[in-house]
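Peer 1: This one is work_2.txt, compact mmCIF, C-alpha atoms.
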# COMPACT_ATOMS: atom_id res chain seq x y z
CA MET A 1 0.00 0.00 0.00
CA GLN A 2 1.28 3.45 -0.89
CA MET A 3 2.08 5.47 2.20
CA ALA A 4 0.66 8.96 2.60
CA ASN A 5 1.75 11.91 4.69
CA SER A 6 -0.17 14.88 6.03
CA SER A 7 1.14 17.23 3.33
CA SER A 8 -0.21 15.04 0.52
CA ILE A 9 -3.65 14.37 2.06
CA SER A 10 -6.36 16.64 0.66
CA GLU A 11 -9.32 14.81 2.17
CA PHE A 12 -10.28 12.14 4.70
CA LEU A 13 -12.72 9.27 4.26
CA LEU A 14 -15.20 8.93 7.11
CA LEU A 15 -16.82 5.73 8.34
CA VAL A 16 -19.55 4.22 6.15
CA LEU A 17 -22.50 3.59 8.46
CA ALA A 18 -24.15 0.97 6.22
CA ASP A 19 -23.32 -1.15 3.18
CA THR A 20 -26.69 -1.03 1.42
CA ARG A 21 -28.53 2.01 0.09
CA GLN A 22 -31.67 1.19 2.07
CA LEU A 23 -29.75 1.08 5.36
CA GLN A 24 -27.95 4.31 4.49
CA LEU A 25 -31.29 6.07 4.04
CA LEU A 26 -32.54 4.52 7.28
CA HIS A 27 -29.49 5.90 9.08
CA PHE A 28 -30.12 9.29 7.50
CA TRP A 29 -33.70 9.46 8.80
CA LEU A 30 -32.61 8.20 12.23
CA LEU A 31 -29.85 10.81 12.49
CA LEU A 32 -32.22 13.49 11.21
CA GLY A 33 -34.76 12.62 13.91
CA ILE A 34 -32.10 12.78 16.63
CA TYR A 35 -30.74 16.05 15.25
CA LEU A 36 -34.17 17.69 15.08
CA ALA A 37 -34.98 16.54 18.62
CA ALA A 38 -31.73 18.09 19.89
CA LEU A 39 -32.37 21.31 17.95
CA LEU A 40 -35.93 21.53 19.25
CA GLY A 41 -35.05 20.86 22.89
CA ASN A 42 -32.04 23.15 23.06
CA GLY A 43 -33.69 25.77 20.88
CA LEU A 44 -36.75 25.92 23.15
CA ILE A 45 -34.61 26.32 26.27
CA SER A 46 -32.51 29.04 24.62
CA THR A 47 -35.63 30.88 23.49
CA ALA A 48 -37.33 30.60 26.88
CA VAL A 49 -34.31 31.87 28.84
CA ALA A 50 -33.48 34.64 26.36
CA CYS A 51 -37.06 35.90 25.99
CA HIS A 52 -38.68 35.40 29.39
CA HIS A 53 -38.03 38.20 31.87
CA ARG A 54 -38.28 35.93 34.92
CA LEU A 55 -35.58 33.49 33.85
CA HIS A 56 -32.52 35.45 34.90
CA SER A 57 -31.18 33.34 37.78
CA PRO A 58 -27.59 32.03 37.63
CA MET A 59 -28.83 28.51 36.84
CA ASP A 60 -30.94 29.86 33.96
CA PHE A 61 -27.89 31.69 32.61
CA PHE A 62 -25.80 28.52 32.72
CA LEU A 63 -28.65 26.53 31.15
CA LEU A 64 -28.59 29.00 28.26
CA ASN A 65 -24.85 28.45 27.85
CA LEU A 66 -25.30 24.68 28.01
CA ALA A 67 -28.06 24.74 25.40
CA LEU A 68 -25.98 26.88 23.02
CA LEU A 69 -22.99 24.55 23.43
CA ASP A 70 -25.19 21.50 22.83
CA LEU A 71 -26.58 23.10 19.68
CA GLY A 72 -23.09 23.77 18.39
CA CYS A 73 -21.74 20.37 19.43
CA ILE A 74 -24.36 18.26 17.66
CA SER A 75 -24.37 20.61 14.64
CA THR A 76 -20.63 20.03 14.24
CA THR A 77 -20.88 16.25 13.75
CA LEU A 78 -24.33 15.08 12.65
CA PRO A 79 -25.02 17.25 9.55
CA LYS A 80 -21.93 15.90 7.74
CA ALA A 81 -22.81 12.33 8.74
CA MET A 82 -26.37 12.86 7.49
CA ALA A 83 -25.14 14.33 4.19
CA ASN A 84 -22.79 11.39 3.64
CA ALA A 85 -25.58 8.89 4.35
CA LEU A 86 -28.03 10.72 2.07
CA TRP A 87 -25.69 11.25 -0.87
CA ASP A 88 -23.76 7.97 -0.49
CA THR A 89 -20.44 9.70 0.06
CA ARG A 90 -17.84 9.53 2.83
CA ASP A 91 -15.28 12.23 2.07
CA ILE A 92 -14.48 15.36 4.09
CA SER A 93 -11.86 17.88 3.06
CA TYR A 94 -8.65 18.25 5.07
CA ALA A 95 -9.64 21.79 6.10
CA GLY A 96 -13.14 20.60 6.94
CA CYS A 97 -11.73 17.84 9.14
CA VAL A 98 -9.48 20.31 10.98
CA ALA A 99 -12.40 22.72 11.49
CA GLN A 100 -14.71 19.94 12.66
CA ASN A 101 -12.11 18.66 15.11
CA PHE A 102 -11.42 22.12 16.51
CA LEU A 103 -15.09 23.00 16.94
CA PHE A 104 -15.98 19.67 18.52
CA VAL A 105 -13.14 19.75 21.08
CA PHE A 106 -13.89 23.40 21.81
CA LEU A 107 -17.60 22.85 22.40
CA ILE A 108 -17.31 19.56 24.29
CA SER A 109 -14.61 20.95 26.62
CA ALA A 110 -16.54 24.15 27.30
CA GLU A 111 -19.68 22.10 27.97
CA TYR A 112 -17.90 20.01 30.58
CA CYS A 113 -16.68 23.20 32.26
CA ILE A 114 -20.24 24.56 32.29
CA LEU A 115 -21.51 21.32 33.86
CA THR A 116 -18.86 21.70 36.56
CA ILE A 117 -19.94 25.28 37.21
CA MET A 118 -23.60 24.21 37.37
CA SER A 119 -22.76 21.67 40.07
CA TYR A 120 -21.04 24.45 42.04
CA ASP A 121 -24.11 26.66 41.60
CA ARG A 122 -26.36 23.93 43.06
CA TYR A 123 -23.89 23.33 45.89
CA VAL A 124 -23.88 26.98 46.94
CA ALA A 125 -27.66 27.31 46.51
CA ILE A 126 -28.47 24.28 48.70
CA CYS A 127 -25.54 24.06 51.13
CA LYS A 128 -24.66 27.75 51.56
CA PRO A 129 -27.83 29.67 50.70
CA LEU A 130 -26.83 32.75 52.73
CA HIS A 131 -23.75 33.22 50.54
CA TYR A 132 -25.54 32.56 47.24
CA GLY A 133 -26.25 36.18 46.40
CA THR A 134 -22.62 37.23 46.75
CA SER A 135 -20.98 34.06 45.39
CA MET A 136 -23.18 33.84 42.29
CA ASP A 137 -23.81 37.46 41.34
CA SER A 138 -24.04 38.47 37.68
CA ARG A 139 -20.37 39.41 37.43
CA ALA A 140 -19.20 36.09 38.93
CA CYS A 141 -21.50 34.14 36.60
CA ALA A 142 -20.28 36.00 33.52
CA THR A 143 -16.65 35.48 34.57
CA MET A 144 -17.15 31.73 35.12
CA ALA A 145 -18.97 31.31 31.81
CA ALA A 146 -16.26 33.24 29.95
CA ALA A 147 -13.61 31.08 31.62
CA ALA A 148 -15.45 27.93 30.48
CA TRP A 149 -15.58 29.10 26.86
CA ALA A 150 -11.94 30.24 26.98
CA THR A 151 -10.84 26.90 28.43
CA GLY A 152 -12.64 25.08 25.63
CA ALA A 153 -10.94 27.27 23.04
CA LEU A 154 -7.52 26.66 24.59
CA PHE A 155 -8.02 22.88 24.71
CA ALA A 156 -9.24 22.88 21.11
CA LEU A 157 -6.30 24.93 19.87
CA LEU A 158 -3.74 22.71 21.62
CA HIS A 159 -5.26 19.38 20.56
CA THR A 160 -6.06 20.38 16.98
CA ALA A 161 -2.66 21.96 16.33
CA ASN A 162 -0.87 19.01 17.90
CA THR A 163 -2.93 16.33 16.13
CA PHE A 164 -2.72 17.76 12.62
CA SER A 165 0.98 18.57 12.91
CA LEU A 166 1.73 14.84 13.13
CA PRO A 167 2.93 13.02 10.01
CA LEU A 168 0.20 10.71 8.70
CA CYS A 169 1.50 7.51 7.16
CA GLN A 170 -1.45 5.11 7.32
CA GLY A 171 -3.73 6.45 4.59
CA ASN A 172 -6.72 8.75 5.02
CA ALA A 173 -9.59 6.45 6.13
CA VAL A 174 -11.04 7.56 9.48
CA ASP A 175 -13.07 4.80 11.19
CA GLN A 176 -15.57 7.23 12.71
CA PHE A 177 -18.53 9.32 11.51
CA PHE A 178 -16.63 12.52 12.34
CA CYS A 179 -12.99 13.58 12.64
CA GLU A 180 -12.23 12.20 16.08
CA ILE A 181 -8.73 12.64 17.51
CA PRO A 182 -8.09 8.94 18.38
CA GLN A 183 -8.96 7.92 14.84
CA ILE A 184 -6.63 10.55 13.36
CA LEU A 185 -3.85 9.34 15.67
CA GLN A 186 -4.22 5.82 14.29
CA LEU A 187 -3.19 7.24 10.90
CA SER A 188 0.01 8.74 12.28
CA CYS A 189 3.48 7.31 11.85
CA SER A 190 4.84 4.89 14.42
CA LYS A 191 5.43 6.52 17.85
CA SER A 192 4.77 10.01 16.51
CA TYR A 193 1.37 10.06 18.21
CA LEU A 194 2.88 9.89 21.72
CA ARG A 195 3.11 13.69 21.98
CA GLU A 196 -0.62 14.12 21.45
CA PHE A 197 -1.32 11.09 23.63
CA GLY A 198 0.57 12.82 26.47
CA LEU A 199 -1.57 15.92 25.99
CA ILE A 200 -4.70 13.74 26.12
CA VAL A 201 -3.50 12.20 29.40
CA LEU A 202 -2.96 15.70 30.82
CA SER A 203 -6.45 16.74 29.69
CA ALA A 204 -7.89 13.59 31.27
CA HIS A 205 -6.34 14.56 34.60
CA VAL A 206 -8.00 17.99 34.34
CA PHE A 207 -11.33 16.35 33.48
CA PHE A 208 -11.03 13.94 36.41
CA GLY A 209 -10.27 16.91 38.68
CA CYS A 210 -13.49 18.57 37.52
CA PHE A 211 -15.35 15.29 37.99
CA ALA A 212 -14.02 14.96 41.55
CA PHE A 213 -15.27 18.49 42.23
CA ILE A 214 -18.69 17.60 40.76
CA LEU A 215 -18.89 14.48 42.93
CA PHE A 216 -17.88 16.46 46.03
CA SER A 217 -20.56 19.05 45.28
CA TYR A 218 -23.30 16.47 44.84
CA VAL A 219 -22.22 14.47 47.90
CA GLN A 220 -22.62 17.63 49.96
CA ILE A 221 -25.97 18.28 48.26
CA PHE A 222 -27.15 14.73 49.02
CA ARG A 223 -26.14 15.16 52.66
CA ALA A 224 -28.15 18.37 52.83
CA VAL A 225 -31.12 16.70 51.13
CA LEU A 226 -31.07 13.79 53.59
CA ARG A 227 -31.40 16.27 56.45
CA MET A 228 -34.61 17.67 55.00
CA PRO A 229 -37.61 16.89 57.22
CA SER A 230 -40.00 16.56 54.28
CA GLU A 231 -40.02 13.28 52.36
CA GLN A 232 -41.31 15.14 49.32
CA GLY A 233 -38.36 17.53 49.53
CA ARG A 234 -35.90 14.66 49.76
CA HIS A 235 -37.50 12.94 46.78
CA LYS A 236 -37.37 16.16 44.75
CA GLY A 237 -33.72 16.72 45.65
CA PHE A 238 -32.66 13.21 44.66
CA SER A 239 -34.73 13.22 41.45
CA MET A 240 -33.03 16.50 40.46
CA CYS A 241 -29.44 15.55 41.31
CA LEU A 242 -29.16 11.87 40.40
CA PRO A 243 -29.81 12.34 36.63
CA HIS A 244 -27.16 15.09 36.59
CA VAL A 245 -24.55 12.77 38.15
CA ILE A 246 -25.48 9.92 35.78
CA VAL A 247 -25.19 12.12 32.66
CA VAL A 248 -21.85 13.60 33.72
CA SER A 249 -20.49 10.14 34.63
CA LEU A 250 -21.58 8.69 31.28
CA PHE A 251 -20.11 11.65 29.43
CA LEU A 252 -16.73 11.55 31.17
CA SER A 253 -16.34 7.75 31.13
CA THR A 254 -17.04 7.46 27.40
CA VAL A 255 -14.80 10.42 26.50
CA VAL A 256 -11.89 9.04 28.52
CA PHE A 257 -12.41 5.50 27.19
CA ALA A 258 -12.53 6.73 23.59
CA HIS A 259 -9.32 8.73 23.92
CA LEU A 260 -7.22 6.54 26.23
CA LYS A 261 -8.11 2.98 25.21
CA PRO A 262 -5.31 0.99 23.52
CA PHE A 263 -5.44 0.82 19.74
CA SER A 264 -5.37 -2.98 20.05
CA ILE A 265 -8.93 -3.17 21.40
CA SER A 266 -10.41 -0.77 18.85
CA SER A 267 -13.18 -1.98 16.58
CA PRO A 268 -15.44 0.08 14.30
CA PHE A 269 -18.62 -0.92 16.15
CA LEU A 270 -17.20 -0.26 19.64
CA ASP A 271 -15.69 3.06 18.60
CA LEU A 272 -18.95 4.12 16.96
CA MET A 273 -21.07 3.27 20.02
CA VAL A 274 -18.70 5.08 22.40
CA ALA A 275 -18.59 8.16 20.15
CA ILE A 276 -22.40 8.27 19.97
CA LEU A 277 -22.62 8.02 23.78
CA TYR A 278 -20.50 11.13 24.35
CA SER A 279 -21.16 13.21 21.21
CA VAL A 280 -24.84 12.59 20.38
CA VAL A 281 -26.62 11.39 23.52
CA PRO A 282 -25.74 14.29 25.91
CA PRO A 283 -26.82 17.14 23.57
CA THR A 284 -30.09 15.28 22.97
CA LEU A 285 -30.86 14.40 26.59
CA ASN A 286 -29.50 17.51 28.35
CA PRO A 287 -32.59 19.63 27.50
CA VAL A 288 -34.81 16.99 29.12
CA ILE A 289 -32.64 16.39 32.19
CA TYR A 290 -31.57 19.96 32.91
CA GLY A 291 -34.36 22.02 31.39
CA MET A 292 -37.69 20.31 30.83
CA ARG A 293 -37.74 19.01 34.44
CA ASN A 294 -37.51 22.64 35.61
CA LYS A 295 -41.00 23.99 36.36
CA GLU A 296 -40.00 27.59 35.67
CA ILE A 297 -38.55 26.63 32.28
CA LYS A 298 -41.70 24.68 31.38
CA HIS A 299 -43.91 27.56 32.48
CA ALA A 300 -41.87 30.03 30.44
CA LEU A 301 -42.01 27.76 27.39
CA ASN A 302 -45.79 27.56 27.68
CA GLN A 303 -46.00 31.35 27.81
CA VAL A 304 -43.63 31.78 24.86
CA LEU A 305 -45.58 29.27 22.76
CA GLN A 306 -48.95 30.78 23.72
CA HIS A 307 -47.76 34.28 22.80
CA ALA A 308 -46.32 33.03 19.51
CA ILE A 309 -49.52 31.19 18.61
CA SER A 310 -51.69 34.19 19.49
CA GLN A 311 -49.47 36.49 17.42
CA LEU A 312 -49.61 34.13 14.44
CA GLN A 313 -53.39 33.93 14.73
CA GLU A 314 -53.56 37.72 14.87
CA CYS A 315 -51.31 37.97 11.82
CA ALA A 316 -53.51 35.54 9.91
CA ARG A 317 -56.66 37.44 10.88
CA LEU A 318 -55.35 40.95 10.22
CA PRO A 319 -52.29 40.67 7.94
CA HIS A 320 -52.64 44.22 6.63
CA ILE A 321 -52.66 45.71 10.14
CA VAL A 322 -50.17 43.51 12.05
CA PRO A 323 -46.93 42.78 10.15
CA CYS A 324 -46.20 39.21 11.26
CA GLY A 325 -42.42 39.20 11.28
CA ARG A 326 -42.13 42.55 13.03
CA SER A 327 -44.82 41.65 15.57
CA LEU A 328 -43.08 38.41 16.54
CA TYR A 329 -39.70 40.09 16.68
CA PHE A 330 -40.82 42.79 19.11
CA MET A 331 -43.03 40.45 21.13
CA TYR A 332 -40.71 40.43 24.16
CA VAL A 333 -38.84 43.66 23.70
What would the structure in this file look like if it were written as structure tokens?
Peer 2:
Amino acid sequence: MQMANSSSISEFLLLVLADTRQLQLLHFWLLLGIYLAALLGNGLISTAVACHHRLHSPMDFFLLNLALLDLGCISTTLPKAMANALWDTRDISYAGCVAQNFLFVFLISAEYCILTIMSYDRYVAICKPLHYGTSMDSRACATMAAAAWATGALFALLHTANTFSLPLCQGNAVDQFFCEIPQILQLSCSKSYLREFGLIVLSAHVFFGCFAFILFSYVQIFRAVLRMPSEQGRHKGFSMCLPHVIVVSLFLSTVVFAHLKPFSISSPFLDLMVAILYSVVPPTLNPVIYGMRNKEIKHALNQVLQHAISQLQECARLPHIVPCGRSLYFMYV
């Protein structure tokens, strides 16, 4: 087989999800359904928090950040996979692969930082309520959110620059539905991937540090919940916190496994399942776990939808008096 290097590669070949045309179209519709569900859930939360005047608490602000990151994360990977399944192609340009890798690492890292901050927010709110107003004021929230986005950008820059500076000697076929770092490393020359692998190990230590902080926060929250005299309050506290811990644990375990597992145990099916668990499942489920279970969010969504429906009905009844687009735009201003 003719060897290739990074300077001669103009495109990469992504994983083919199915061998037959019928299965490819089935995968397209399945991915489209998942993508639309993620867009709808995260889009509704973003709209509710941005438009409703009552949703300005620190948790609402971080939910908005999480929803925006989830929208970007799933929009970085699934549209290209859907296009390849629909048009029976598998190629992605070299520049497109670099951009996809950078955006995905940026968004997924920033999202994990936001989840860590959200656990701290809950910890202060439940365990130190008297200090909540000073610890989580608007300036502190904006600073923490900016730090999360900046950390994601730094991680993305380091990993992307390091990964695509490696010489690639094993062809251009990536055994994944998007440009994932471990799959790119498998194309690198012998031992040349160790530099990026060391950076991944360092990043894993940072992630585990955040996870330890998240666990500490929720352990303290659980202790506070157990001291509640009301059984209903305890049930509400556990039902709110346990899904958060499960989602974060699933997210971290699959990310670390995907990036630190030995190449010898890799298989296309295993790699695909692990990638779906950390790149597709969280952006789809986060709106349900973090947002739709929130009564204030649900109430705000009902109000937003009712106002939108009433405005559309008014536009349909009196189109010459009420300009529809302008009326909807200024609905909450």
Peer 1: Looking at only C-alpha atoms, which of A:His244, A:Lys261, A:His27, A:His205 is the one that sits closest to A:Met82?
Peer 2: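 Under the stated criterion, the closest residue is A:His27.
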Peer 1: Check the smallest atom-to-atom distance from each of A:Val274, A:Cys127, A:Val255, A:Ile200 to A:Phe216 using only C-alpha atoms, then report the winner.
Peer 2: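 Of A:Val274, A:Cys127, A:Val255, A:Ile200, the one nearest A:Phe216 is A:Cys127, counting only C-alpha atoms.
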Peer 1: Please indicate the distance in Å from atom CA of A:Tyr278 to atom CA of A:Phe251, rounded to one decimal place.
Peer 2: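 Separating atom CA of A:Tyr278 from atom CA of A:Phe251 is a distance of 5.1 Å.
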Peer 1: In Å, with one decimal, what is the gap from atom CA of A:Asn101 to atom CA of A:Ile181?
Peer 2: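 One can read the atom CA of A:Asn101 to atom CA of A:Ile181 distance as 7.3 Å.
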Peer 1: Closest to A:Ser109 among A:Val206, A:Ile34, A:Ile45, A:Cys51, using all atoms listed in the file?
Peer 2: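 Nearest candidate to A:Ser109 out of A:Val206, A:Ile34, A:Ile45, A:Cys51: A:Val206.
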Peer 1: Closest to A:Gln176 among A:Leu285, A:Ile92, A:Ala48, A:Leu226, using all atoms listed in the file?
Peer 2: A:Ile92
Peer 1: Measuring atom to atom with only C-alpha atoms, identify which of A:Cys189, A:Cys210, A:Leu14, A:Ile126 is nearest to A:Gln170.
Peer 2: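 Of A:Cys189, A:Cys210, A:Leu14, A:Ile126, the one nearest A:Gln170 is A:Cys189, counting only C-alpha atoms.
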Peer 1: Counting all atoms listed in the file, I want the residues whose atoms come within 12 Å of (-12.7, 4.4, 9.7) in the file frame, returned as a ChimeraX atom specification.
Peer 2: /A:12-17,90-91,170-180,182-187,266-272
Peer 1: Would you fill the gaps in stretch 138-149 of chain A so it has all heavy atoms, then print it as a PDB file, keeping the file's coordinate frame?
Peer 2:
ATOM      1  N   SER A 138     -24.100  38.454  39.149  1.00  0.00           N
ATOM      2  CA  SER A 138     -24.040  38.470  37.680  1.00  0.00           C
ATOM      3  C   SER A 138     -22.604  38.552  37.174  1.00  0.00           C
ATOM      4  O   SER A 138     -22.253  37.918  36.165  1.00  0.00           O
ATOM      5  CB  SER A 138     -24.852  39.660  37.148  1.00  0.00           C
ATOM      6  OG  SER A 138     -24.368  40.885  37.679  1.00  0.00           O
ATOM      7  N   ARG A 139     -21.762  39.299  37.876  1.00  0.00           N
ATOM      8  CA  ARG A 139     -20.370  39.410  37.430  1.00  0.00           C
ATOM      9  C   ARG A 139     -19.632  38.089  37.590  1.00  0.00           C
ATOM     10  O   ARG A 139     -18.879  37.677  36.697  1.00  0.00           O
ATOM     11  CB  ARG A 139     -19.669  40.509  38.231  1.00  0.00           C
ATOM     12  CG  ARG A 139     -18.232  40.751  37.794  1.00  0.00           C
ATOM     13  CD  ARG A 139     -17.631  41.937  38.523  1.00  0.00           C
ATOM     14  NE  ARG A 139     -16.260  42.201  38.077  1.00  0.00           N
ATOM     15  CZ  ARG A 139     -15.505  43.191  38.531  1.00  0.00           C
ATOM     16  NH1 ARG A 139     -16.012  44.036  39.432  1.00  0.00           N
ATOM     17  NH2 ARG A 139     -14.284  43.360  38.071  1.00  0.00           N
ATOM     18  N   ALA A 140     -19.850  37.393  38.715  1.00  0.00           N
ATOM     19  CA  ALA A 140     -19.200  36.090  38.930  1.00  0.00           C
ATOM     20  C   ALA A 140     -19.676  35.071  37.893  1.00  0.00           C
ATOM     21  O   ALA A 140     -18.873  34.296  37.365  1.00  0.00           O
ATOM     22  CB  ALA A 140     -19.492  35.599  40.346  1.00  0.00           C
ATOM     23  N   CYS A 141     -20.966  35.085  37.592  1.00  0.00           N
ATOM     24  CA  CYS A 141     -21.500  34.140  36.600  1.00  0.00           C
ATOM     25  C   CYS A 141     -20.909  34.398  35.221  1.00  0.00           C
ATOM     26  O   CYS A 141     -20.528  33.461  34.511  1.00  0.00           O
ATOM     27  CB  CYS A 141     -23.020  34.241  36.553  1.00  0.00           C
ATOM     28  SG  CYS A 141     -23.851  33.649  38.037  1.00  0.00           S
ATOM     29  N   ALA A 142     -20.844  35.671  34.828  1.00  0.00           N
ATOM     30  CA  ALA A 142     -20.280  36.000  33.520  1.00  0.00           C
ATOM     31  C   ALA A 142     -18.800  35.620  33.454  1.00  0.00           C
ATOM     32  O   ALA A 142     -18.332  35.102  32.421  1.00  0.00           O
ATOM     33  CB  ALA A 142     -20.454  37.490  33.244  1.00  0.00           C
ATOM     34  N   THR A 143     -18.080  35.832  34.541  1.00  0.00           N
ATOM     35  CA  THR A 143     -16.650  35.480  34.570  1.00  0.00           C
ATOM     36  C   THR A 143     -16.458  33.970  34.449  1.00  0.00           C
ATOM     37  O   THR A 143     -15.594  33.502  33.688  1.00  0.00           O
ATOM     38  CB  THR A 143     -16.008  35.980  35.874  1.00  0.00           C
ATOM     39  OG1 THR A 143     -16.164  37.402  35.959  1.00  0.00           O
ATOM     40  CG2 THR A 143     -14.529  35.628  35.916  1.00  0.00           C
ATOM     41  N   MET A 144     -17.264  33.187  35.184  1.00  0.00           N
ATOM     42  CA  MET A 144     -17.150  31.730  35.120  1.00  0.00           C
ATOM     43  C   MET A 144     -17.525  31.201  33.741  1.00  0.00           C
ATOM     44  O   MET A 144     -16.864  30.296  33.209  1.00  0.00           O
ATOM     45  CB  MET A 144     -18.006  31.088  36.208  1.00  0.00           C
ATOM     46  CG  MET A 144     -17.438  31.249  37.603  1.00  0.00           C
ATOM     47  SD  MET A 144     -18.330  30.304  38.873  1.00  0.00           S
ATOM     48  CE  MET A 144     -19.771  31.346  39.087  1.00  0.00           C
ATOM     49  N   ALA A 145     -18.571  31.753  33.144  1.00  0.00           N
ATOM     50  CA  ALA A 145     -18.970  31.310  31.810  1.00  0.00           C
ATOM     51  C   ALA A 145     -17.889  31.650  30.778  1.00  0.00           C
ATOM     52  O   ALA A 145     -17.560  30.822  29.916  1.00  0.00           O
ATOM     53  CB  ALA A 145     -20.300  31.951  31.412  1.00  0.00           C
ATOM     54  N   ALA A 146     -17.335  32.856  30.871  1.00  0.00           N
ATOM     55  CA  ALA A 146     -16.260  33.240  29.950  1.00  0.00           C
ATOM     56  C   ALA A 146     -15.048  32.344  30.120  1.00  0.00           C
ATOM     57  O   ALA A 146     -14.398  31.952  29.134  1.00  0.00           O
ATOM     58  CB  ALA A 146     -15.884  34.706  30.185  1.00  0.00           C
ATOM     59  N   ALA A 147     -14.735  31.980  31.376  1.00  0.00           N
ATOM     60  CA  ALA A 147     -13.610  31.080  31.620  1.00  0.00           C
ATOM     61  C   ALA A 147     -13.862  29.701  31.013  1.00  0.00           C
ATOM     62  O   ALA A 147     -12.937  29.064  30.493  1.00  0.00           O
ATOM     63  CB  ALA A 147     -13.365  30.958  33.123  1.00  0.00           C
ATOM     64  N   ALA A 148     -15.107  29.231  31.076  1.00  0.00           N
ATOM     65  CA  ALA A 148     -15.450  27.930  30.480  1.00  0.00           C
ATOM     66  C   ALA A 148     -15.245  27.948  28.971  1.00  0.00           C
ATOM     67  O   ALA A 148     -14.636  27.029  28.401  1.00  0.00           O
ATOM     68  CB  ALA A 148     -16.897  27.568  30.822  1.00  0.00           C
ATOM     69  N   TRP A 149     -15.741  28.996  28.312  1.00  0.00           N
ATOM     70  CA  TRP A 149     -15.580  29.100  26.860  1.00  0.00           C
ATOM     71  C   TRP A 149     -14.107  29.255  26.489  1.00  0.00           C
ATOM     72  O   TRP A 149     -13.645  28.659  25.498  1.00  0.00           O
ATOM     73  CB  TRP A 149     -16.403  30.265  26.329  1.00  0.00           C
ATOM     74  CG  TRP A 149     -17.887  30.030  26.330  1.00  0.00           C
ATOM     75  CD1 TRP A 149     -18.717  30.090  27.413  1.00  0.00           C
ATOM     76  CD2 TRP A 149     -18.707  29.689  25.217  1.00  0.00           C
ATOM     77  NE1 TRP A 149     -20.006  29.818  27.042  1.00  0.00           N
ATOM     78  CE2 TRP A 149     -20.041  29.570  25.697  1.00  0.00           C
ATOM     79  CE3 TRP A 149     -18.466  29.493  23.863  1.00  0.00           C
ATOM     80  CZ2 TRP A 149     -21.112  29.244  24.871  1.00  0.00           C
ATOM     81  CZ3 TRP A 149     -19.529  29.171  23.038  1.00  0.00           C
ATOM     82  CH2 TRP A 149     -20.832  29.046  23.532  1.00  0.00           C
TER      83      TRP A 149
END
